[in-house]
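Comments concern the structure below.
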Amino acid sequence: MSRRALRRLRGEQRGQEPLGPDALQFVLLDDDDAEEEGPKQGLGGRRPGGAGKEGVRVNNRFELINIEDLEDDLVVNGEKSDCTLPDSVSSGNKGRAQRGNPETKQDGDVAKAGFPEQENGLEDIDRILERIEDSSGVSHPGPPPLNSRKHVLYVEHRHLNPDTELKRYFGARAVLGEQRPRQRQRVYPKCTWLTTPKSTWPRYSKPGLSMRLLESKKGLSFFAFEHNEEYQQAQHKFLVAVESMEPNNIVVLLQTSPYHVDSLLQLSDACRFQEDQEMARDLIERALYSMECAFHPLFSLTSGTCRLDYRRPENRSFYLALYKQMSFLEKRGCPRTALEYCKLILSLEPDEDPLCMLLLIDHLALRARNYEYLIRLFQEWEAHRNLSQLPNFAFSVPLAYFLLSQQTDLPEHELTSARQQASLLIQQALTMFPGALMPLLEYCSVRPDATVSDHRFFGPDAEISQPPALSQLVSLYLGRSHFLWKEPAIMSWLEENVREVLQAVDAGDPAVEACENRRKVLYQRAPRNIHRHVILSEIKEAVAALPSDVTTQSVMGFDPLPPLDTIYSYVRPERLSPVSHGNTIALFFRSLLPNYTTEGERLEEGVAGGPNRNQGLNRLMLAVRDMMANFHFNDLEVPREDNPEGEGDWD
């Protein structure tokens, strides 16, 4: 520690001596100049504390802060300095002068005397810190009390950056080595937490998106995104482009509104379907950047007390952008960062959970090896959310306990307790959801013995007899998390508990019948948010289990299964088209090909036009020719050639 820092901790600050009329100017000399010219005084008759420094004229004492090595060297070139210290400084340094006595020692003696001086200074620092803690009532560092733990949905800013996780895996040099420095001509308005602006993005200008505070009550703040008139016009053009089923129309719209969120989300899906993952992820990051720039000053990503109502269409874009970014992060190999995004989505509306993040958070916690967090979430929310009734929590929590018991850095009694709790919870899960065992073993390519596969409790009837809603939840969990169970140690532990459950079933345990009755009552029909989550997850086993009333609906990527009680802040105006005013032929052509436009019908602004205007007509003519070529006129009175005898019996 330098002498300047020691002096500051003792309360001795440079520049507190009485100032004369000419004391605001100093002449600082270089070391070479000091050797030639000797000690030189300033204009005010006093030298600064760093005698013999470079010849720089200083008119302001505060400029000395940034000049390095301005220490009080009382001995210069082996000779006694003739500087006169002010009374305030000399009195404060009297004890130090007595200990070191630098005025009567040579250079080597001064160097030796510096060690006890520094040790005494460190002792003084410890005493000062102890006095400060005693006077302020601050206790010494130690484990925080239980009531000071952060909220279970508390989000940490540093974990929202995937580079933080990648640096931990591969090192900072491997992560930052290929990143190019930002171009200085790109000026972005603010620093953001969710994404890092890229130089390849269009120059940012406010697209008309903002956020306002609706109300604050019971420690919660309710916000909502808003669209101004310009953004509403862009939204209407986007809906027209979506109805045209032509991605190029969305590209044209983004050329005029490069930060329109719904257009970025929809085009990202189109790029992802075409296997352009890099462009798809870039578009999602741009959408998040646009929305974060519109945040209200009081909106916090980390507190867990800010709410966004999913019933408002303006807020849904933020939910979906976060979900898609989380999916990209998981596929990229950043489960810890994806877990933080999952917590963020859940904190925006934890009671309703519109995207049903509770079906995913356990999977991300296990992948990130954050077993303690999953166990804590289960313990705190089980009482009021009944998490054990969800198959994913029923199986993931005991798996977390078991994996925790396999760690060697914990005390022996904690390992034993975790192993016992894991066995207890997995037996309860197998009793409640027996239809999940055989599909899980099939996913893991494990063939069970006959005592398990032929038993009535775990046999084929267990999977067939469970309600459709439960089958959907089981399919979702197994399709997503089955690979977590493939380790041999986990399979051996599972086998032990399966045999324990079979013994309880054969013994007539009343808990078995109670669980069967609960399955029949609880899983009659899955709510709409679960269906929305299944659609977003794109897990084929779960999508195949969706009910017919959901699969027959038109699902848009920018707003899948909107809530039935949507709160609209503005309504899309009705489109008046010449086609709807008696032009029967044009109406027929449009029914065959939605892109067809008549000569007098103007395209909406922002939709592709010009040279592409006649593409719809050309495609229409090709479709009509193909349709006419496939027409077959059959005379009912004339027998067909392949059946010369007319109607007959079918063999």
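Chain labels A, B, ... are given in the sequence in which chains occur in the structure tokens; within each chain residues are numbered consecutively from 1, and ligands are likewise numbered from 1 in the order shown.
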* Asked: Counting only C-alpha atoms, what is within 8 Å of A:Asp362, bar same-chain residues fewer than 5 positions away, as a PyMOL selection string?
  -> chain A and resi 374+392-393+396-397
* Asked: So how far away is atom CA of A:His236 from atom CA of A:Ile250, in Å?
  ->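 Computed distance, atom CA of A:Ile250 to atom CA of A:His236, equals 11.8 Å.
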If you run DSSP on the backbone here, which positions in stretch 253-456 of chain A get alpha helix (DSSP H)? Please write them as a CSV table (one decimal) with C-alpha atoms, in the first residue's frame.
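Once everything was written out, this is out_0.csv:
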chain,number,residue,atom,x,y,z
A,253,LEU,CA,-41.4,-3.2,-43.8
A,254,LEU,CA,-38.2,-3.6,-41.8
A,255,GLN,CA,-36.4,-1.4,-44.3
A,256,THR,CA,-38.6,1.5,-43.2
A,261,VAL,CA,-40.5,-5.7,-32.8
A,262,ASP,CA,-43.2,-8.0,-34.2
A,263,SER,CA,-41.6,-7.9,-37.6
A,264,LEU,CA,-38.3,-8.9,-36.2
A,265,LEU,CA,-39.9,-11.8,-34.3
A,266,GLN,CA,-41.8,-13.1,-37.3
A,267,LEU,CA,-38.8,-12.8,-39.6
A,268,SER,CA,-36.6,-14.6,-37.1
A,269,ASP,CA,-38.9,-17.6,-37.2
A,270,ALA,CA,-38.7,-17.6,-41.0
A,271,CYS,CA,-34.9,-17.6,-40.8
A,272,ARG,CA,-34.9,-20.3,-38.3
A,273,PHE,CA,-37.1,-22.5,-40.5
A,277,GLN,CA,-29.8,-19.7,-37.0
A,278,GLU,CA,-27.3,-16.8,-36.8
A,279,MET,CA,-29.6,-14.4,-38.5
A,280,ALA,CA,-32.6,-15.6,-36.5
A,281,ARG,CA,-30.7,-14.9,-33.2
A,282,ASP,CA,-29.5,-11.6,-34.4
A,283,LEU,CA,-33.1,-10.4,-35.2
A,284,ILE,CA,-34.2,-11.5,-31.7
A,285,GLU,CA,-31.4,-9.5,-30.1
A,286,ARG,CA,-32.3,-6.5,-32.1
A,287,ALA,CA,-35.9,-6.8,-30.9
A,288,LEU,CA,-34.8,-7.0,-27.3
A,289,TYR,CA,-32.6,-4.0,-27.8
A,290,SER,CA,-35.5,-2.0,-29.2
A,291,MET,CA,-37.7,-2.9,-26.2
A,292,GLU,CA,-35.0,-2.3,-23.6
A,313,PRO,CA,-50.8,-7.2,-26.9
A,314,GLU,CA,-48.0,-4.6,-26.6
A,315,ASN,CA,-46.5,-6.6,-23.7
A,316,ARG,CA,-46.5,-10.0,-25.4
A,317,SER,CA,-43.7,-9.1,-27.7
A,318,PHE,CA,-41.4,-8.7,-24.8
A,319,TYR,CA,-42.4,-12.1,-23.4
A,320,LEU,CA,-41.9,-13.9,-26.7
A,321,ALA,CA,-38.6,-12.1,-27.4
A,322,LEU,CA,-37.2,-13.2,-24.0
A,323,TYR,CA,-38.4,-16.8,-24.6
A,324,LYS,CA,-36.9,-17.1,-28.0
A,325,GLN,CA,-33.6,-15.6,-26.7
A,326,MET,CA,-33.6,-18.1,-23.9
A,327,SER,CA,-34.1,-21.0,-26.4
A,328,PHE,CA,-31.2,-19.8,-28.5
A,329,LEU,CA,-29.0,-19.5,-25.3
A,330,GLU,CA,-29.9,-23.1,-24.3
A,331,LYS,CA,-29.0,-24.4,-27.7
A,332,ARG,CA,-25.8,-22.4,-27.7
A,335,PRO,CA,-27.9,-23.1,-19.6
A,336,ARG,CA,-27.0,-20.8,-16.7
A,337,THR,CA,-27.8,-17.7,-18.7
A,338,ALA,CA,-30.9,-19.3,-20.0
A,339,LEU,CA,-32.0,-20.0,-16.4
A,340,GLU,CA,-31.6,-16.3,-15.7
A,341,TYR,CA,-33.9,-15.5,-18.6
A,342,CYS,CA,-36.4,-18.0,-17.4
A,343,LYS,CA,-36.5,-16.4,-14.0
A,344,LEU,CA,-36.9,-13.0,-15.6
A,345,ILE,CA,-39.9,-14.2,-17.7
A,346,LEU,CA,-41.5,-15.8,-14.6
A,347,SER,CA,-41.0,-12.7,-12.5
A,348,LEU,CA,-43.0,-10.6,-14.9
A,361,ILE,CA,-37.2,-23.8,-15.1
A,362,ASP,CA,-36.4,-27.2,-13.5
A,363,HIS,CA,-34.8,-28.5,-16.7
A,364,LEU,CA,-32.6,-25.4,-17.0
A,365,ALA,CA,-31.6,-25.6,-13.3
A,366,LEU,CA,-30.5,-29.2,-13.7
A,367,ARG,CA,-28.6,-28.4,-16.9
A,371,TYR,CA,-29.3,-27.9,-7.7
A,372,GLU,CA,-29.6,-25.7,-4.7
A,373,TYR,CA,-31.8,-23.2,-6.5
A,374,LEU,CA,-34.2,-25.8,-7.8
A,375,ILE,CA,-34.5,-27.3,-4.3
A,376,ARG,CA,-35.1,-23.8,-2.8
A,377,LEU,CA,-37.7,-22.9,-5.4
A,378,PHE,CA,-39.6,-26.2,-4.7
A,379,GLN,CA,-39.4,-25.7,-0.9
A,380,GLU,CA,-40.7,-22.1,-1.1
A,381,TRP,CA,-43.4,-22.5,-3.7
A,382,GLU,CA,-44.7,-26.0,-2.9
A,383,ALA,CA,-47.1,-24.8,-0.3
A,384,HIS,CA,-49.1,-22.4,-2.5
A,385,ARG,CA,-48.3,-23.6,-6.0
A,391,PRO,CA,-44.5,-34.3,-13.5
A,392,ASN,CA,-41.5,-32.2,-14.3
A,393,PHE,CA,-41.0,-31.1,-10.7
A,394,ALA,CA,-42.0,-34.4,-9.3
A,395,PHE,CA,-39.1,-36.1,-11.1
A,396,SER,CA,-36.6,-33.2,-11.3
A,397,VAL,CA,-36.4,-32.3,-7.6
A,398,PRO,CA,-35.5,-35.8,-6.4
A,399,LEU,CA,-32.9,-36.0,-9.3
A,400,ALA,CA,-31.5,-32.7,-8.0
A,401,TYR,CA,-31.2,-34.2,-4.5
A,402,PHE,CA,-29.5,-37.3,-5.8
A,403,LEU,CA,-27.0,-35.3,-7.9
A,404,LEU,CA,-26.3,-33.1,-4.9
A,405,SER,CA,-25.6,-36.3,-2.8
A,412,GLU,CA,-21.1,-36.6,5.1
A,413,HIS,CA,-24.3,-35.9,7.0
A,414,GLU,CA,-25.5,-33.6,4.3
A,415,LEU,CA,-24.8,-36.2,1.6
A,416,THR,CA,-26.7,-38.8,3.5
A,417,SER,CA,-29.7,-36.5,4.1
A,418,ALA,CA,-29.8,-35.5,0.4
A,419,ARG,CA,-29.8,-39.2,-0.6
A,420,GLN,CA,-32.6,-40.1,1.7
A,421,GLN,CA,-34.7,-37.1,0.6
A,422,ALA,CA,-34.1,-38.1,-3.1
A,423,SER,CA,-35.3,-41.6,-2.5
A,424,LEU,CA,-38.4,-40.5,-0.7
A,425,LEU,CA,-39.4,-38.0,-3.4
A,426,ILE,CA,-38.8,-40.3,-6.3
A,427,GLN,CA,-40.9,-43.0,-4.8
A,428,GLN,CA,-43.7,-40.4,-4.4
A,429,ALA,CA,-43.3,-39.4,-8.0
A,430,LEU,CA,-43.4,-43.0,-9.3
A,431,THR,CA,-46.5,-43.6,-7.2
A,432,MET,CA,-48.2,-40.5,-8.5
A,437,LEU,CA,-41.6,-44.9,-16.1
A,438,MET,CA,-41.8,-47.1,-19.2
A,439,PRO,CA,-41.5,-44.2,-21.7
A,440,LEU,CA,-38.5,-42.9,-19.7
A,441,LEU,CA,-36.7,-46.2,-19.9
A,442,GLU,CA,-37.5,-46.4,-23.6
A,443,TYR,CA,-35.9,-42.9,-24.1
A,450,ALA,CA,-40.1,-58.8,-16.5
A,451,THR,CA,-41.1,-58.0,-12.9
A,452,VAL,CA,-41.4,-54.4,-13.8
A,453,SER,CA,-42.7,-54.5,-17.4
* Excluding A:Arg518 and residues on its chain fewer than 5 positions from it, collect all residues at most 10 Å away from it, counting only C-alpha atoms, and give them as number ranges by chain. => A: 389, 432, 513, 523
* Asked: A:Pro207, A:Pro354, A:Gly219, A:Gly333: which is nearest A:Ala368, counting only C-alpha atoms?
  ->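 Using only C-alpha atoms, A:Ala368 sits closest to A:Gly333.
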* To do: Could you tell me how far atom CA of A:Ser210 lies from atom CA of A:Phe225, in Å and to one decimal?
  =>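 Here the two named atoms are 5.6 Å from each other.
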* **Residue among A:Asn529, A:Ser481, A:Ser257, A:Asn248 lying closest to A:Gln235, counting only C-alpha atoms** =>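 The closest residue to A:Gln235 is A:Ser257.
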* **Polymer residues at most 9 Å from A:Val550, only C-alpha atoms, same-chain spacing of 5 or more positions, as a list in words** =>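 Non-adjacent residues within range: His531, Val555 and Leu561 of chain A.
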Please save N, CA, C and O atoms of the selected residues as a compact mmCIF listing (two decimals), in the first residue's frame.
# COMPACT_ATOMS: atom_id res chain seq x y z
N HIS A 531 -50.87 -25.07 -23.23
CA HIS A 531 -50.91 -25.26 -24.68
C HIS A 531 -49.98 -24.26 -25.38
O HIS A 531 -49.28 -24.62 -26.35
N VAL A 555 -52.16 -20.47 -35.73
CA VAL A 555 -51.20 -20.04 -34.72
C VAL A 555 -50.16 -19.16 -35.39
O VAL A 555 -49.48 -19.59 -36.32
N LEU A 561 -51.66 -18.35 -29.60
CA LEU A 561 -52.79 -18.53 -28.69
C LEU A 561 -52.97 -17.32 -27.77
O LEU A 561 -52.73 -17.38 -26.56
* Asked: Contacts of A:Arg528 at 12 Å or less, counting only C-alpha atoms, minus same-chain residues fewer than 3 places along, as a PyMOL selection string?
  -> chain A and resi 352-356+469+525+531-535+546-547+549-550+560-565
